[in-house]
Amino acid sequence: MKPLIFVVFLIITGCASVVYKTTDFESLYGPSAPKPRQLTPDEAQLALRQHKVSFTKDIKHILDSRCVVCHGCYDAPCQLKLGSIEGIDRGGSKQLVYDFARLEAADPTRLFIDATNTAAWRKKGFHPVLNERNQTGVANLDNSVLVKLIQLKRLNPQPITGKLDADYDLAFDHPLQCSTVDEFPKYQFEHPKWGMPYAMPGLSLKEEYKLLQWLQEGAKLEPSPPMSAQATAAIQKWEHYFNASSLKQKLVFRYIYEHLFIGHMHFKGQPEHEFYRWVRSKTPSGQAIEEINTVRPYDDPGAVFYYRLQPVIETIVDKNHFVYELSDEKMQRYDTLFFETDYEVTALPSYEALIAANPFSAFSQLPLISKYQFLLDDAQYFVSGFIKGPVCRGESATSSIRDHFWVVFSQPGMIDQHKVSAALAENNQILGLPGEESDEISLFGFSKFDKYGEEYLVRKNAFYEQVLPKGQGFGLQNIWDGGGDNQNAALTIFRHFDSATVSKGFIGDTPLTGWVIDYPIFERLHYLLVAGFNVFGTAGHQLATRTYMDIVRQDAEDNFLRFMPISQRQAIYNSWYLGLDGLLTDKPLFNITHETQVKFKTTDYKEEFFEQIRQKLGKAAGISDSINHCEQASCTRKGVSSTQQSVDSQMRDLAKLKGLELKALPEMSLLRIKTNDAQGDLVYTLLVNKAYSNISRLIFQNSLRQPENDTLTVVPGFVGSYPNFFFNVEKNQLGEFVSLVRNATSEAELEQLYSQYGIRRTNPDIWQHADWFNQQHPLYRGLEAGLFDLNRYENL
């Protein structure tokens, strides 16, 4: 490769030549580094033209694949988000986003929202990682934290085999240094091995040369291409629709906005890389957007505002990417649900927190079934929002759920909706959520809302006692059927430590628990964990959110228990909460006087219940899981090649591993099966479902672990955003790989597994494997795919 020349031209008026100077690249890159010499003006201009770097063509893919994979969300180290030039320009911060001891809410620092220029970010405490001093080529390199971190890695490369040593702090919450350019000498002295990419192989020489040249040239970004006429027309159409003026329209679109604000919108049929956010702007359609930066979507936006669609210009990362598709059909669906129904809106609700944080108050004038069906239509999207928004670390949600469970929904309209609406109105106060007190809630303020929640469970139980026919409880008719083909009707949730994934269909073997979500549960989950949650909020706010989540979980589990035989409900419940004295509340809350209408032929009630739901849903149940839930002598996945069928067979053997046989596997692994055809290599995700005696403890959950009850789910394709490890196995070695996983207990056996089939952090080829998985991801998941995050990659 011809060396790229890093030059700075100092043009001095009246001089016939241009002086050329370099930083000390020879010490970094060896004798092939460029040597200083004087260039004529013609040579200098030619060099500039020949070596000018394009961000789009030369730089973006380097940043995305080597940097954004760790710096792409609120959990990016030092809040340094490298998925856009705006994030790079903003720089880093020593302020913690995830601070669970905070007694006062922090000022939010949402990129693109809470400040819109460099000066404003500096006032918020962000320090530059690019040069902001003399604008010369040398200064652009010498005053750049990014350059110094890259060079530090080159000076101190990590080992290329084995595990990384203790000098690399890979603990989940390890302290961050977040050095400024002036502090960097101290950082370099104390942590010489902490160059970037951190605890991963360094960039290739070609990647470094390109990136440093771009930084030397001032980190310029060429203008973005204009928006297509197709996209412009779609935006205008939807903004006009959302900004209609009648009271009914204003209330409906406030409701829809508060449920869609967090995700990525996509116009059906338009390019797959184009996404948008619904925002509230001070300016109308057709003008530049001035986003109103309220903390919550139901905070007061002021007297005049407009709903607008803001293009997403950051790199799409999987951990905060979930998609809602806009189309003519969707607009017609809104009309059917909300505007072709006979009801009246007499006044708009207040934006005061006591009203706005409670959807049962704010939107009481909208038809209950219309609201519920709106949520059901895209249930995967809304459930994903609970645990996959831009917060990224979702402890408030994920620490209160199991590692693997299935979700179904109550059928709308099975119980008299006038009675349901009246009951919700009557119990409006106890349906209040912690968001009512915003960030003013005290450290012990959770007790008030927990009492509300517990009282609601008691009253809900009494309500069902009154409205259900004597002795007759719930049956399969009470489960939403997805209209026959909507695959949002059955969902699987996988927890991965502090993140989670929501997938359509029943995936894996029958789980320990199941949820049946009804309308009040759905709304409270959204306004507890999405609309009402502030990641920059106080410890009291976060604690209240977490404890209330336990109550919502119990509500959904109680609904599930109502479909079990009366005689078994208590025993099933107790099996979920081992080690607790009795129930979370003082008496059973799953209507023990109303027998289920589900007809059981066996004593495996959960298994049989979900099998009957599968039969009821038909196409809406999605594709059956032939790897983890194979009940026949021979299971075959439909529509796959003979090679895939052969690999599936061996994956079933892997999926049978349980308990301590899974010691060698981290929570989430990506497995590449190499075939004779490189284009035909296969991907499977290996998910260890950790077992706990119960999940009602706020802290020290590891003390509740039951590793002997762990299970494994093997999924063709991809599940999850944070791979903990990559495995690379030849197809003809799968049997040996499965045997090694099953039997690897000693250090020597684990070493054999990881060195023979694993891709460790020290492996010089790890980037190529990461690139391959990221390239395959859209082939499996289309619009839903984003870049994987390597922050949780383990040092095995």
# chains A, B, ... in the order shown; residues from 1 in each chain; ligands from 1
$ select_by_dssp --residues "stretch 380-426 of chain A" --states "strand (DSSP E or B)" --output "number ranges by chain"
A: 404-410
$ write_last_selection --atoms "all heavy atoms" --output "short mmCIF file (atom, residue, chain, number, x, y, z; two decimals), in the first residue's frame"
data_model
loop_
_atom_site.label_atom_id
_atom_site.label_comp_id
_atom_site.auth_asym_id
_atom_site.auth_seq_id
_atom_site.Cartn_x
_atom_site.Cartn_y
_atom_site.Cartn_z
N HIS A 404 -36.55 -15.76 30.40
CA HIS A 404 -37.26 -16.29 29.25
C HIS A 404 -38.71 -16.52 29.64
O HIS A 404 -39.00 -17.24 30.60
CB HIS A 404 -36.62 -17.62 28.81
CG HIS A 404 -37.36 -18.34 27.73
ND1 HIS A 404 -37.62 -19.70 27.77
CD2 HIS A 404 -37.92 -17.90 26.57
CE1 HIS A 404 -38.28 -20.07 26.69
NE2 HIS A 404 -38.48 -19.00 25.94
N PHE A 405 -39.63 -15.87 28.95
CA PHE A 405 -41.04 -16.14 29.19
C PHE A 405 -41.86 -15.74 27.97
O PHE A 405 -41.39 -15.02 27.08
CB PHE A 405 -41.56 -15.42 30.45
CG PHE A 405 -41.46 -13.91 30.43
CD1 PHE A 405 -42.55 -13.13 30.12
CD2 PHE A 405 -40.26 -13.28 30.73
CE1 PHE A 405 -42.47 -11.74 30.12
CE2 PHE A 405 -40.16 -11.89 30.73
CZ PHE A 405 -41.28 -11.12 30.42
N TRP A 406 -43.10 -16.26 27.93
CA TRP A 406 -44.00 -16.01 26.81
C TRP A 406 -45.11 -15.05 27.22
O TRP A 406 -45.53 -15.03 28.39
CB TRP A 406 -44.61 -17.32 26.32
CG TRP A 406 -43.61 -18.23 25.66
CD1 TRP A 406 -42.39 -17.89 25.17
CD2 TRP A 406 -43.75 -19.63 25.41
NE1 TRP A 406 -41.75 -18.98 24.62
CE2 TRP A 406 -42.58 -20.07 24.77
CE3 TRP A 406 -44.76 -20.55 25.66
CZ2 TRP A 406 -42.39 -21.39 24.37
CZ3 TRP A 406 -44.58 -21.88 25.28
CH2 TRP A 406 -43.41 -22.29 24.64
N VAL A 407 -45.59 -14.29 26.24
CA VAL A 407 -46.61 -13.28 26.49
C VAL A 407 -47.75 -13.46 25.49
O VAL A 407 -47.51 -13.61 24.28
CB VAL A 407 -46.03 -11.86 26.34
CG1 VAL A 407 -47.13 -10.81 26.44
CG2 VAL A 407 -44.97 -11.60 27.40
N VAL A 408 -48.97 -13.44 25.99
CA VAL A 408 -50.17 -13.35 25.16
C VAL A 408 -51.03 -12.23 25.72
O VAL A 408 -50.69 -11.62 26.76
CB VAL A 408 -50.94 -14.68 25.10
CG1 VAL A 408 -50.14 -15.73 24.34
CG2 VAL A 408 -51.32 -15.16 26.48
N PHE A 409 -52.16 -11.94 25.07
CA PHE A 409 -52.94 -10.76 25.42
C PHE A 409 -54.42 -11.11 25.59
O PHE A 409 -54.93 -12.04 24.96
CB PHE A 409 -52.79 -9.69 24.32
CG PHE A 409 -51.37 -9.28 24.10
CD1 PHE A 409 -50.56 -9.97 23.20
CD2 PHE A 409 -50.81 -8.23 24.81
CE1 PHE A 409 -49.24 -9.60 23.00
CE2 PHE A 409 -49.49 -7.86 24.63
CZ PHE A 409 -48.70 -8.55 23.72
N SER A 410 -55.08 -10.33 26.43
CA SER A 410 -56.52 -10.50 26.62
C SER A 410 -57.27 -10.07 25.36
O SER A 410 -56.91 -9.09 24.71
CB SER A 410 -57.00 -9.66 27.80
OG SER A 410 -56.46 -10.13 29.02
#
$ closest_atom_pairs --of "stretch 603-673 of chain A" --to "stretch 462-480 of chain A" --cutoff "9 Å" --atoms "only C-alpha atoms" --output "JSON lines"
{"residue": "A:Phe609", "atom": "CA", "partner": "A:Leu476", "partner_atom": "CA", "distance": 8.8}
{"residue": "A:Gln612", "atom": "CA", "partner": "A:Leu476", "partner_atom": "CA", "distance": 8.0}
{"residue": "A:Ile613", "atom": "CA", "partner": "A:Leu476", "partner_atom": "CA", "distance": 7.1}
{"residue": "A:Lys616", "atom": "CA", "partner": "A:Leu476", "partner_atom": "CA", "distance": 7.8}
{"residue": "A:Leu617", "atom": "CA", "partner": "A:Trp480", "partner_atom": "CA", "distance": 8.3}
$ closest_residue --among "A:Gly83, A:Pro225, A:Gly435, A:Gly413" --to "A:Val312" --atoms "only C-alpha atoms"
A:Gly83
$ residues_around --residues "A:Ala744" --least-positions-apart "3" --cutoff "9 Å" --atoms "only C-alpha atoms" --output "PyMOL selection string"
chain A and resi 661-664+739-741+747-753
$ closest_residue --among "A:His259, A:Arg254, A:Arg90, A:His541" --to "A:Asp378" --atoms "only C-alpha atoms"
A:His259
$ residues_around --residues "stretch 271-276 of chain A" --least-positions-apart "5" --cutoff "10 Å" --atoms "only C-alpha atoms" --output "PyMOL selection string"
chain A and resi 231+235+261+263-266+308-316+321+323-325+778+782-784
$ write_last_selection --atoms "C-alpha atoms" --output "mmCIF file, in the first residue's frame"
data_model
loop_
_atom_site.group_PDB
_atom_site.id
_atom_site.type_symbol
_atom_site.label_atom_id
_atom_site.label_comp_id
_atom_site.auth_asym_id
_atom_site.auth_seq_id
_atom_site.Cartn_x
_atom_site.Cartn_y
_atom_site.Cartn_z
ATOM 1 C CA ALA A 231 -39.688 10.970 1.450
ATOM 2 C CA ILE A 235 -43.403 13.530 5.644
ATOM 3 C CA PHE A 261 -42.106 9.103 20.322
ATOM 4 C CA GLY A 263 -39.029 4.503 18.321
ATOM 5 C CA HIS A 264 -37.849 4.752 14.748
ATOM 6 C CA MET A 265 -40.534 5.418 12.149
ATOM 7 C CA HIS A 266 -40.176 4.006 8.650
ATOM 8 C CA ARG A 308 -42.934 16.738 13.110
ATOM 9 C CA LEU A 309 -40.897 13.871 11.653
ATOM 10 C CA GLN A 310 -37.190 14.322 12.295
ATOM 11 C CA PRO A 311 -34.785 12.223 10.177
ATOM 12 C CA VAL A 312 -32.535 9.911 12.181
ATOM 13 C CA ILE A 313 -28.981 10.689 11.104
ATOM 14 C CA GLU A 314 -27.087 8.611 13.650
ATOM 15 C CA THR A 315 -25.764 5.175 12.803
ATOM 16 C CA ILE A 316 -28.440 2.591 13.582
ATOM 17 C CA HIS A 321 -33.514 0.348 17.370
ATOM 18 C CA VAL A 323 -39.267 0.116 14.080
ATOM 19 C CA TYR A 324 -42.821 1.305 13.561
ATOM 20 C CA GLU A 325 -43.949 1.346 9.947
ATOM 21 C CA PRO A 778 -30.000 -7.426 7.958
ATOM 22 C CA GLY A 782 -34.316 -6.639 7.641
ATOM 23 C CA LEU A 783 -35.514 -3.253 8.923
ATOM 24 C CA GLU A 784 -35.124 -4.375 12.530
#
$ residues_around --residues "A:Pro192" --least-positions-apart "5" --cutoff "8 Å" --atoms "only C-alpha atoms" --output "PyMOL selection string"
chain A and resi 152+156+187
$ closest_residue --among "A:Arg102, A:Lys237, A:Lys186, A:Arg672" --to "A:Phe737" --atoms "only C-alpha atoms"
A:Arg672
$ closest_residue --among "A:Leu215, A:Ile85, A:Ala691, A:Ile150" --to "A:Gln188" --atoms "only C-alpha atoms"
A:Ile150
$ atom_distance --atom1 "atom CA of A:Pro434" --atom2 "atom CA of A:Ser400"
16.5 Å
$ closest_residue --among "A:Asn689, A:Asp653, A:Gly717, A:Val530" --to "A:Arg742" --atoms "only C-alpha atoms"
A:Asp653
$ select_by_dssp --residues "stretch 656-693 of chain A" --states "helix (DSSP H, G or I)" --output "PDB file with C-alpha atoms, in the first residue's frame"
ATOM      1  CA  GLY A 659     -27.978 -26.745  34.241  1.00  0.00           C
ATOM      2  CA  LEU A 660     -24.268 -27.081  34.919  1.00  0.00           C
ATOM      3  CA  GLU A 661     -23.688 -28.423  31.398  1.00  0.00           C
ATOM      4  CA  LEU A 662     -23.986 -24.776  30.316  1.00  0.00           C
ATOM      5  CA  ALA A 678     -18.657 -19.233   2.272  1.00  0.00           C
ATOM      6  CA  GLN A 679     -21.883 -17.594   1.104  1.00  0.00           C
ATOM      7  CA  GLY A 680     -23.851 -20.332   2.821  1.00  0.00           C
TER       8      GLY A 680
END
$ residues_around --residues "A:Phe446" --least-positions-apart "5" --cutoff "10 Å" --atoms "only C-alpha atoms" --output "JSON, numbers by chain"
{"A": [433, 434, 441, 451, 452, 540, 541, 542, 543, 544, 545, 546, 547, 548]}
$ residues_around --residues "A:Thr109" --least-positions-apart "6" --cutoff "10 Å" --atoms "only C-alpha atoms" --output "number ranges by chain"
A: 74, 79, 93, 95, 97, 115, 121, 124-126, 536
$ atom_distance --atom1 "atom CA of A:Glu455" --atom2 "atom CA of A:Ile551"
10.3 Å
$ closest_residue --among "A:Ala288, A:Leu512, A:Met200, A:Val640" --to "A:Tyr605" --atoms "only C-alpha atoms"
A:Leu512
